[in-house]
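Remarks on the structure that follows.
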Amino acid sequence: MYYIACDLANMHYSRGRLGGDGVALDVTILVGTMTGTADLGAQDVGGALGAEGIAAEVVQMDGLDAGVFTRNGAFLICSSTYGQGDVPDNAQALFNALETAKPDLSRVAYGVIALGDRTYAQTFCFGGKRFDAALAALGARRLGDIMLHDASAGTMPEEVALDWLPGWIEHLRQAPGQEAA
Ligand SMILES: Cc1cc2nc3c(=O)[nH]c(=O)nc-3n(C[C@H](O)[C@H](O)[C@H](O)COP(=O)(O)O)c2cc1C
C-alpha cells in the first residue's frame, strides 16, 4: 500500500510506503549548514530514503524550535560544525531551544550525520555530536552510529552518507513505531 504526498516548500520525497500496521515510515531530515555542504548531503539521503519507500522531508533548521520533534516518524540530524565546535548559525535557535525548553523526547528516534574537518582535532564533528548529546539527554533514542564526515579526507558527505545509510535504514525498520512525541 502506497501513499502520495507533495510539499513544495521543502524537498519532500513523497512515495511513502505504509507498513503492515498502516503506520508510515517517515523521516524528517533537519539540516544545519553554513555553506550548503550538509544540505547537498541531506538532499541525496532524502532521495535514497525515498527510493527505499521511506517518505523523507528535508527541512532547514532555520527558525525551528523544539516543537519540530512532535512530528511523526524518525529524524536525521545533518549538521556541520563551526566556530569552536559549535552548531552552524541556522541551527543555533533549535539547539538552544532543546537546552532551554527541555522537552520530553523519550518517544523520538533519530540518527546523526555530522560534518566536520579533522584539522579541527579538538572539535571534530562537534556540531552533530552536540545535537546527539542534547537529544540523548532529553530521552531520545539514537538509531545506529553517528556518521562522521571529514572535509579534509577527499570524499563528499553524500558518498559517505550513502554507504552509511543502508545500516541506518535497518535500524529504522526494526525500531518500534515512531509515534508523535
Ligand atoms: C570557520 C570554520 C570553522 C570550522 N570549525 C570546525 C570545527 O570546530 N570542527 C570541525 O570538525 N569542523 C569545523 N569546520 C569544518 C566544517 O564543519 C566543514 O567544512 C563542513 O563540511 C562544512 O559544511 P557546511 O557547508 O554544511 O556548513 C569549520 C569550518 C570553518 C570554515
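Chains: A, B, ... in order of the C-alpha cells. Residues: from 1 per chain. Ligands: from 1, in order shown.
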
Neighbouring residues of ligand 1 are defined here as those with any atom at most 10 Å from a ligand atom, counting only C-alpha atoms and all ligand atoms; list them as a PyMOL selection string. chain A and resi 31-42+78-90+114-129+148-152+156-157

Env of A:Val68: 12 Å cut, atoms = only C-alpha atoms, seq-sep filter 2 positions within chain, self excluded. Answer as a list of chain:residue names.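 In the requested format, the answer is A:Thr28, A:Ile29, A:Leu30, A:Val59, A:Gln60, A:Met61, A:Asp62, A:Gly63, A:Leu64, A:Asp65, A:Ala66, A:Thr70, A:Arg71, A:Asn72, A:Gly73, A:Ala74, A:Phe75, A:Ile77, A:Leu94, A:Phe95, A:Ala97, A:Leu98, A:Pro103, A:Leu105, A:Val108, A:Ala180, A:Ala181.
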
Extract the full set of strand (DSSP E) residues from stretch 19-181 of chain A according to DSSP on the backbone, and format it as a ChimeraX atom specification. /A:26-32,55-60,74-79,109-116,141-142,147-150

Which parts of stretch 34-164 of chain A does DSSP call helix (DSSP H, G or I) when run on the backbone here, written out as a PyMOL selection string? chain A and resi 37-51+66-70+89-101+121-123+126-137+151-153+157-164

Selection from above, C-alpha atoms, as an mmCIF file, in the first residue's frame, can you write it?
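New file again-v9.cif:
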data_model
loop_
_atom_site.group_PDB
_atom_site.id
_atom_site.type_symbol
_atom_site.label_atom_id
_atom_site.label_comp_id
_atom_site.auth_asym_id
_atom_site.auth_seq_id
_atom_site.Cartn_x
_atom_site.Cartn_y
_atom_site.Cartn_z
ATOM 1 C CA THR A 37 27.504 21.180 2.078
ATOM 2 C CA ALA A 38 25.283 19.471 4.636
ATOM 3 C CA ASP A 39 22.221 20.357 2.565
ATOM 4 C CA LEU A 40 23.641 18.654 -0.532
ATOM 5 C CA GLY A 41 24.237 15.521 1.509
ATOM 6 C CA ALA A 42 20.774 15.725 3.027
ATOM 7 C CA GLN A 43 19.110 16.008 -0.386
ATOM 8 C CA ASP A 44 20.862 12.840 -1.602
ATOM 9 C CA VAL A 45 19.981 10.989 1.577
ATOM 10 C CA GLY A 46 16.361 12.092 1.154
ATOM 11 C CA GLY A 47 16.336 10.727 -2.367
ATOM 12 C CA ALA A 48 17.873 7.430 -1.256
ATOM 13 C CA LEU A 49 15.286 7.062 1.510
ATOM 14 C CA GLY A 50 12.525 7.770 -0.992
ATOM 15 C CA ALA A 51 13.887 5.051 -3.270
ATOM 16 C CA ALA A 66 11.837 22.033 19.781
ATOM 17 C CA GLY A 67 8.233 21.614 18.579
ATOM 18 C CA VAL A 68 9.589 20.096 15.368
ATOM 19 C CA PHE A 69 10.157 16.883 17.324
ATOM 20 C CA THR A 70 6.391 16.414 17.694
ATOM 21 C CA ASP A 89 24.207 29.669 12.762
ATOM 22 C CA ASN A 90 20.969 28.322 11.268
ATOM 23 C CA ALA A 91 20.928 25.564 13.903
ATOM 24 C CA GLN A 92 21.547 27.757 16.946
ATOM 25 C CA ALA A 93 17.886 28.513 17.711
ATOM 26 C CA LEU A 94 16.850 24.868 17.597
ATOM 27 C CA PHE A 95 19.864 23.744 19.612
ATOM 28 C CA ASN A 96 19.288 26.404 22.262
ATOM 29 C CA ALA A 97 15.575 25.538 22.394
ATOM 30 C CA LEU A 98 16.435 21.946 23.280
ATOM 31 C CA GLU A 99 18.630 23.153 26.124
ATOM 32 C CA THR A 100 16.117 25.671 27.500
ATOM 33 C CA ALA A 101 12.706 24.057 26.820
ATOM 34 C CA ALA A 121 41.183 17.916 16.025
ATOM 35 C CA GLN A 122 39.757 19.085 19.348
ATOM 36 C CA THR A 123 36.263 19.725 17.999
ATOM 37 C CA PHE A 126 31.108 18.601 17.350
ATOM 38 C CA GLY A 127 28.056 20.159 15.671
ATOM 39 C CA GLY A 128 26.431 16.767 15.097
ATOM 40 C CA LYS A 129 27.894 15.341 18.299
ATOM 41 C CA ARG A 130 26.424 18.189 20.354
ATOM 42 C CA PHE A 131 22.978 17.556 18.855
ATOM 43 C CA ASP A 132 23.399 13.884 19.698
ATOM 44 C CA ALA A 133 24.256 14.653 23.318
ATOM 45 C CA ALA A 134 21.374 17.131 23.648
ATOM 46 C CA LEU A 135 18.789 14.745 22.172
ATOM 47 C CA ALA A 136 20.038 11.798 24.250
ATOM 48 C CA ALA A 137 19.866 13.919 27.411
ATOM 49 C CA ALA A 151 36.059 17.501 4.844
ATOM 50 C CA SER A 152 39.832 17.025 4.597
ATOM 51 C CA ALA A 153 39.549 13.348 3.608
ATOM 52 C CA PRO A 157 29.492 13.837 2.521
ATOM 53 C CA GLU A 158 26.869 12.291 0.253
ATOM 54 C CA GLU A 159 29.271 9.460 -0.747
ATOM 55 C CA VAL A 160 29.947 8.590 2.882
ATOM 56 C CA ALA A 161 26.279 9.031 3.778
ATOM 57 C CA LEU A 162 25.034 6.704 1.054
ATOM 58 C CA ASP A 163 27.430 3.993 2.321
ATOM 59 C CA TRP A 164 26.230 4.508 5.894
#

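Across A:Leu165, A:Arg173, A:Ile54, A:Gly111, the tightest approach to A:Gly144 is made by A:Gly111 when counting only C-alpha atoms.
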
What is the atom CA of A:Asp26 to atom CA of A:Thr155 distance in Å? 28.0 Å

Report, in Å to a single decimal, how far apart atom CA of A:Ile169 and atom CA of A:Gly139 are.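 Rounded to one decimal, the two atoms are 20.9 Å apart.
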
Atom CA of A:Lys102 to atom CA of A:Ala56: how many Å, to one decimal?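 Interatomic distance here is 25.7 Å.
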